[in-house]
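A.B. asks: Below you will find the structure I want to go over with you.
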Amino acid sequence: MANIVNELKHFNGRSGLGAVMGNKRLRPIVVRGHDRIEPKDKEGLQACLKWFRDHYKRDADMLHKFGTSRNVMAMSADSILPTRNFLEGQFEHAKEISGQTMAETILTDEGTCYACAIACKRDVDVPERGVTSKYGGPEYETIGSGGSVCGVGDLGAIAKFHQICGEYVMDTISVGMTIAWAMECFEKGILTSADTDGLDLRFGNAEAMLTLTERIGKREGFGDLLALGSERAARRIGNGAEEFALTVKKQELPMHEPRGKQGLSLAYATAPAGADHMRAPHDPADDPTKVPAPYRIFTREQLLQMPQQSQFLLMNASKSDDFYAQYGGVTLENLLDDLLLGSATGTVVYAPDGFSQSHPLYPDAAAGLYHIFGDYPAAAYYYESVADMAKNPAGWCKYDAPSTAGRNNGDPIVNPAGLKLLLAIARDGAHLTTGVLNKQNKLDGEGPFRVVPPQKLPGPPDQRSTAANQSVIWPYDVNADHNAGFSTRSTTIIKVEPLPEGTTDINLLEAGWPYVDEAKIVVYGAIDPVPNILEKLDALEATLEAASKKDFRNRGLKELLVRQVKTVERFVEWGWYGLALRILQNELLPETDACYVRPARHSNDLIADCDLHKQVQWALNEIVVLVNIAKAEKVTQPPPICHISRLCLRHEALCGTQGRN
Ligand code: SF4
């Protein structure tokens, strides 16, 4: 478990290299030099640096703002956040231990490796636990190993865990995983408090986790056994304990779930150092043979042209003030109804500050899951002057929205079209205020779009959980429906799961803050690919048209390729995906699979310019994947067949319908 450390907070972790040094009685390695290191290609390096300077937007980079734990919530939503010794992939306290919460609470500064512009490292202070930023702060691996994998949802405790491991120069992954293994053994009765020096080692016990970390560092009592790592400790304990030690070559698994990041299964199994997350792509989405999933981008103007729904709602929060308001916008049901493929199972909604929320398609009994299709129950308006912040300084609910005028306690809250999960565009008649990150890295504002769920279990605005006085008419109720916490402010992305075969995530960074400023939202994943196919065919046609005739093997071939692309476009418009695929696979792909270089004879290669050939091949491969999805899902119905010819491409004048029927 022992590491090598530099400047108290830069670690060479994993594999116990510190133990090797200790065994050889080697304490430090000091390196000193006088010569400058000259890059082999100075101009190339400078050009690279200039490109990065021109293109890198630090203020919009989540890695800079929230560090390596920026994706904790998204990983939990995707069921790949190792939780309770890998028994689960979703952690109910993911938000509390996320990089976003860290930025809002204990972060004092962003740290960096030498000369790195990104500065993803964290510096944190937690004075009440004696945590100081001279040890830096927890990164993703430590957030997972001291947090979710031990069931601990307390960021201050994780920061303390990080510091103790820093003080004793221990690998946070191996320490956290060894404690998580002991916790599972404790829960299963293989270990008892007689074995653990009296520690109640159940998952989630932050104080026991910290005490044990300290004892491992000092090699005291039960900690002395755990300092051997989970595999050796399990062998000594026996009684089935080995079954719960998750190691490869005696090294504990890092915080990446190989059941969700399948590339890592092989990497863990074959890496020389055992379970090693630095040796292979982490995600099936990193596959370069996959193409971006189908997507649609909507502007506010386009959304405003769709059927609008207005609904009066209570936004009931746990820790902050509640309020009533009239939200207007598009129901997610209406937005997605025509887009979804039959294979769609649910959605994840994202905001650019990293917040995400899962929404199943249909009603789900789980608390916190707000469905898209179907109504929510009618509610009632609750009014009490003691809760009214305008009437009582200790109140906890805002009743100041114009839409509350004329309402009385007990009035029903209904909607003729049913209360729905709403993509809100306006609140009480005005566009939602645009979201911005304030100086504390907190999101202010809620627009341009906010996914707003009505309450599944309608109830009154209950007192804040943090309020000292709970002797009020509606005290804090942990079981109440705090729907406000499940809304997504400044929504920019709706991902429809699962991604279709052969596709991967779109570039999500693009749909971040720029989309907030431009009032746009992107929906991608298991959705109708036809608009994208037509878009890509148009772009391909334009590329071919713009090319010089000299870029082709002979002058007539440019027109031939353009004609074939147009034919594919027609077939796609008609829903004749099989025929479209036949032309794509039997003609276009073979004709463009290599560039024609004289004097070699490749009679089926039509393109002579190698750059153009690459562009065309990539575009065609993307189109083939998307047409295959459309064919498998049959996402559109073919229009009536032309009365002149089944394959009519030219009779616009006769049909008067652009040759389509
Ligand atoms: S070089 Fe260091 S600071 Fe920069 S991104 Fe990598 S780990 Fe973070």
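Residue names in the structure tokens use chain letters A, B, ... in the order shown, residue numbers from 1 in each chain, and ligand numbers from 1 in the order shown.
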Skip Thr466 of chain A itself and residues of its chain fewer than 2 positions away, then list as a list in words all residues within 7 Å of it, counting only C-alpha atoms.

C.D. replies: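 Here the qualifying residues turn out to be Lys319, Arg464 and Ala468 of chain A.
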
A.B. asks: Keeping N, CA, C and O atoms, export the residues of the selection given above as a PDB file, in the first residue's frame.

C.D. replies:
```pdb
ATOM      1  N   LYS A 319     -33.282  21.707   1.623  1.00  0.00           N
ATOM      2  CA  LYS A 319     -32.440  22.569   2.447  1.00  0.00           C
ATOM      3  C   LYS A 319     -32.688  24.048   2.218  1.00  0.00           C
ATOM      4  O   LYS A 319     -32.225  24.865   2.984  1.00  0.00           O
ATOM      5  N   ARG A 464     -37.525  23.916   6.119  1.00  0.00           N
ATOM      6  CA  ARG A 464     -36.169  23.543   5.688  1.00  0.00           C
ATOM      7  C   ARG A 464     -35.587  22.515   6.669  1.00  0.00           C
ATOM      8  O   ARG A 464     -35.793  22.624   7.880  1.00  0.00           O
ATOM      9  N   ALA A 468     -33.710  25.459  12.685  1.00  0.00           N
ATOM     10  CA  ALA A 468     -33.664  25.024  14.087  1.00  0.00           C
ATOM     11  C   ALA A 468     -35.076  24.771  14.608  1.00  0.00           C
ATOM     12  O   ALA A 468     -35.320  23.843  15.378  1.00  0.00           O
TER      13      ALA A 468
END
```

A.B. asks: Write as a list in words the residues around ligand 1, taking 10 Å as the cut-off and counting only C-alpha atoms and all ligand atoms.

C.D. replies: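 Residues lying within 10 Å of ligand 1: His10, Leu63, His64, Gly67, Thr68, Glu110, Gly111, Thr112, Cys113, Tyr114, Ala115, Cys116, Ala117, Ile118, Ala119, Cys120, Lys121, Arg122 and Glu139 of chain A.
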
A.B. asks: I'd like the contact shell of segment 348-354 of chain A - 8 Å cut-off, only C-alpha atoms, skipping same-chain residues fewer than 6 positions apart - returned as a PyMOL selection string.

C.D. replies: chain A and resi 62+70-71+73-74+77+100+437+443+488-497+511-513

A.B. asks: Run DSSP on the backbone and tell me which residues of segment 73-272 of chain A come out as strand (DSSP E or B); list them as a PyMOL selection string.

C.D. replies: chain A and resi 83+88+107-111+121-124+126+131+170+247-248+251-252

A.B. asks: Do a neighbour search on segment 210-221 of chain A at 7 Å with only C-alpha atoms, toss out local chain neighbours closer than 2 positions, and write the hits as a list in words.

C.D. replies: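 Once the nearby chain positions are removed, what remains is Phe161, Ile164, Tyr168, Asp197, Ala206, Glu207, Ala208, Gly223, Asp224, Leu226 and Ala227 of chain A.
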
A.B. asks: Can those selected residues be exported to a file as a PDB file, in the first residue's frame so that it contains N, CA, C and O atoms?

C.D. replies:
```
ATOM      1  N   PHE A 161      -9.857  11.250   5.158  1.00  0.00           N
ATOM      2  CA  PHE A 161      -9.294   9.974   4.688  1.00  0.00           C
ATOM      3  C   PHE A 161      -8.104  10.258   3.762  1.00  0.00           C
ATOM      4  O   PHE A 161      -7.033   9.655   3.876  1.00  0.00           O
ATOM      5  N   ILE A 164      -5.128  11.488   5.866  1.00  0.00           N
ATOM      6  CA  ILE A 164      -4.455  10.422   6.642  1.00  0.00           C
ATOM      7  C   ILE A 164      -3.594   9.576   5.694  1.00  0.00           C
ATOM      8  O   ILE A 164      -2.440   9.264   5.986  1.00  0.00           O
ATOM      9  N   TYR A 168       0.550   9.114   5.898  1.00  0.00           N
ATOM     10  CA  TYR A 168       1.266   7.839   6.000  1.00  0.00           C
ATOM     11  C   TYR A 168       1.750   7.348   4.636  1.00  0.00           C
ATOM     12  O   TYR A 168       2.245   6.231   4.515  1.00  0.00           O
ATOM     13  N   ASP A 197     -11.431  -4.819  16.725  1.00  0.00           N
ATOM     14  CA  ASP A 197     -11.094  -3.987  17.906  1.00  0.00           C
ATOM     15  C   ASP A 197     -12.279  -3.120  18.308  1.00  0.00           C
ATOM     16  O   ASP A 197     -12.127  -1.939  18.659  1.00  0.00           O
ATOM     17  N   ALA A 206     -18.564   6.465   8.613  1.00  0.00           N
ATOM     18  CA  ALA A 206     -17.408   7.290   8.243  1.00  0.00           C
ATOM     19  C   ALA A 206     -16.353   7.291   9.343  1.00  0.00           C
ATOM     20  O   ALA A 206     -15.143   7.220   9.070  1.00  0.00           O
ATOM     21  N   GLU A 207     -16.796   7.363  10.602  1.00  0.00           N
ATOM     22  CA  GLU A 207     -15.816   7.467  11.692  1.00  0.00           C
ATOM     23  C   GLU A 207     -15.025   6.163  11.816  1.00  0.00           C
ATOM     24  O   GLU A 207     -13.814   6.182  12.055  1.00  0.00           O
ATOM     25  N   ALA A 208     -15.699   5.016  11.644  1.00  0.00           N
ATOM     26  CA  ALA A 208     -14.986   3.736  11.710  1.00  0.00           C
ATOM     27  C   ALA A 208     -13.985   3.645  10.560  1.00  0.00           C
ATOM     28  O   ALA A 208     -12.848   3.166  10.730  1.00  0.00           O
ATOM     29  N   GLY A 223      -5.803  -2.995  12.172  1.00  0.00           N
ATOM     30  CA  GLY A 223      -5.166  -2.229  11.093  1.00  0.00           C
ATOM     31  C   GLY A 223      -3.873  -2.877  10.630  1.00  0.00           C
ATOM     32  O   GLY A 223      -3.512  -2.781   9.450  1.00  0.00           O
ATOM     33  N   ASP A 224      -3.173  -3.559  11.520  1.00  0.00           N
ATOM     34  CA  ASP A 224      -1.928  -4.223  11.139  1.00  0.00           C
ATOM     35  C   ASP A 224      -2.215  -5.335  10.127  1.00  0.00           C
ATOM     36  O   ASP A 224      -1.475  -5.523   9.161  1.00  0.00           O
ATOM     37  N   LEU A 226      -4.898  -5.418   8.120  1.00  0.00           N
ATOM     38  CA  LEU A 226      -5.377  -4.820   6.873  1.00  0.00           C
ATOM     39  C   LEU A 226      -4.254  -4.148   6.083  1.00  0.00           C
ATOM     40  O   LEU A 226      -4.362  -3.977   4.860  1.00  0.00           O
ATOM     41  N   ALA A 227      -3.172  -3.790   6.763  1.00  0.00           N
ATOM     42  CA  ALA A 227      -2.045  -3.175   6.055  1.00  0.00           C
ATOM     43  C   ALA A 227      -1.425  -4.140   5.048  1.00  0.00           C
ATOM     44  O   ALA A 227      -0.678  -3.737   4.159  1.00  0.00           O
TER      45      ALA A 227
END
```

A.B. asks: Between A:Glu104, A:Asp321, A:Glu96, A:Glu569, which has the minimum distance to Lys65 of chain A (counting only C-alpha atoms)?

C.D. replies: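 Among the listed residues, the smallest separation from Lys65 of chain A belongs to A:Glu104.
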
A.B. asks: Contacts of Pro448 of chain A at 8 Å or less, counting only C-alpha atoms, minus same-chain residues fewer than 2 places along, as JSON, numbers by chain?

C.D. replies: {"A": [300, 425, 431, 432, 433, 434, 435, 446, 450, 490, 491, 516, 519, 520]}

A.B. asks: Write the residues you've just listed into a file as a PDB file, in the first residue's frame, and include N, CA and C atoms for each of them.

C.D. replies:
```pdb
ATOM      1  N   ARG A 300     -34.641  27.778 -28.707  1.00  0.00           N
ATOM      2  CA  ARG A 300     -35.821  28.212 -27.933  1.00  0.00           C
ATOM      3  C   ARG A 300     -36.982  28.532 -28.876  1.00  0.00           C
ATOM      4  N   ILE A 425     -39.685  26.709 -20.169  1.00  0.00           N
ATOM      5  CA  ILE A 425     -38.998  27.780 -20.900  1.00  0.00           C
ATOM      6  C   ILE A 425     -39.279  29.113 -20.204  1.00  0.00           C
ATOM      7  N   HIS A 431     -39.277  34.629 -19.728  1.00  0.00           N
ATOM      8  CA  HIS A 431     -38.260  33.613 -20.000  1.00  0.00           C
ATOM      9  C   HIS A 431     -37.460  33.318 -18.735  1.00  0.00           C
ATOM     10  N   LEU A 432     -37.060  32.095 -18.549  1.00  0.00           N
ATOM     11  CA  LEU A 432     -36.254  31.754 -17.375  1.00  0.00           C
ATOM     12  C   LEU A 432     -34.942  32.537 -17.413  1.00  0.00           C
ATOM     13  N   THR A 433     -34.500  32.971 -16.262  1.00  0.00           N
ATOM     14  CA  THR A 433     -33.233  33.712 -16.225  1.00  0.00           C
ATOM     15  C   THR A 433     -32.089  32.761 -16.587  1.00  0.00           C
ATOM     16  N   THR A 434     -31.177  33.247 -17.419  1.00  0.00           N
ATOM     17  CA  THR A 434     -30.097  32.398 -17.934  1.00  0.00           C
ATOM     18  C   THR A 434     -29.165  31.964 -16.803  1.00  0.00           C
ATOM     19  N   GLY A 435     -28.814  30.690 -16.796  1.00  0.00           N
ATOM     20  CA  GLY A 435     -27.926  30.162 -15.753  1.00  0.00           C
ATOM     21  C   GLY A 435     -26.496  30.667 -15.921  1.00  0.00           C
ATOM     22  N   GLU A 446     -31.855  29.755 -13.786  1.00  0.00           N
ATOM     23  CA  GLU A 446     -32.350  28.403 -14.048  1.00  0.00           C
ATOM     24  C   GLU A 446     -32.531  28.124 -15.526  1.00  0.00           C
ATOM     25  N   ARG A 450     -35.443  24.463 -18.019  1.00  0.00           N
ATOM     26  CA  ARG A 450     -35.320  23.726 -16.762  1.00  0.00           C
ATOM     27  C   ARG A 450     -36.313  22.562 -16.788  1.00  0.00           C
ATOM     28  N   SER A 490     -30.935  24.900 -16.004  1.00  0.00           N
ATOM     29  CA  SER A 490     -30.077  25.127 -17.179  1.00  0.00           C
ATOM     30  C   SER A 490     -29.782  23.819 -17.914  1.00  0.00           C
ATOM     31  N   THR A 491     -30.834  23.090 -18.196  1.00  0.00           N
ATOM     32  CA  THR A 491     -30.690  21.835 -18.939  1.00  0.00           C
ATOM     33  C   THR A 491     -30.158  22.122 -20.345  1.00  0.00           C
ATOM     34  N   VAL A 516     -26.111  27.239 -23.240  1.00  0.00           N
ATOM     35  CA  VAL A 516     -26.878  28.089 -22.320  1.00  0.00           C
ATOM     36  C   VAL A 516     -26.987  29.488 -22.929  1.00  0.00           C
ATOM     37  N   ALA A 519     -29.243  29.553 -25.974  1.00  0.00           N
ATOM     38  CA  ALA A 519     -30.604  29.036 -25.737  1.00  0.00           C
ATOM     39  C   ALA A 519     -30.914  27.850 -26.642  1.00  0.00           C
ATOM     40  N   LYS A 520     -30.067  26.819 -26.530  1.00  0.00           N
ATOM     41  CA  LYS A 520     -30.265  25.596 -27.316  1.00  0.00           C
ATOM     42  C   LYS A 520     -30.234  24.386 -26.393  1.00  0.00           C
TER      43      LYS A 520
END
```

A.B. asks: Tell me which protein, DNA and RNA residues are within 9 Å of Val248 of chain A, counting only C-alpha atoms, leaving out same-chain ones fewer than 3 positions away, and put them as a CSV table (one decimal) with C-alpha atoms, in the first residue's frame.

C.D. replies:
```csv
chain,number,residue,atom,x,y,z
A,251,GLN,CA,-3.8,-5.4,-6.2
A,252,GLU,CA,-7.2,-3.9,-5.4
A,253,LEU,CA,-9.5,-2.8,-8.2
A,268,TYR,CA,-7.4,-5.4,-15.3
A,269,ALA,CA,-6.9,-9.1,-16.1
A,270,THR,CA,-3.7,-8.6,-18.2
A,273,ALA,CA,0.8,-4.5,-12.2
A,274,GLY,CA,-2.6,-6.1,-11.7
A,275,ALA,CA,-5.8,-4.1,-11.6
A,276,ASP,CA,-4.6,-1.0,-13.4
```
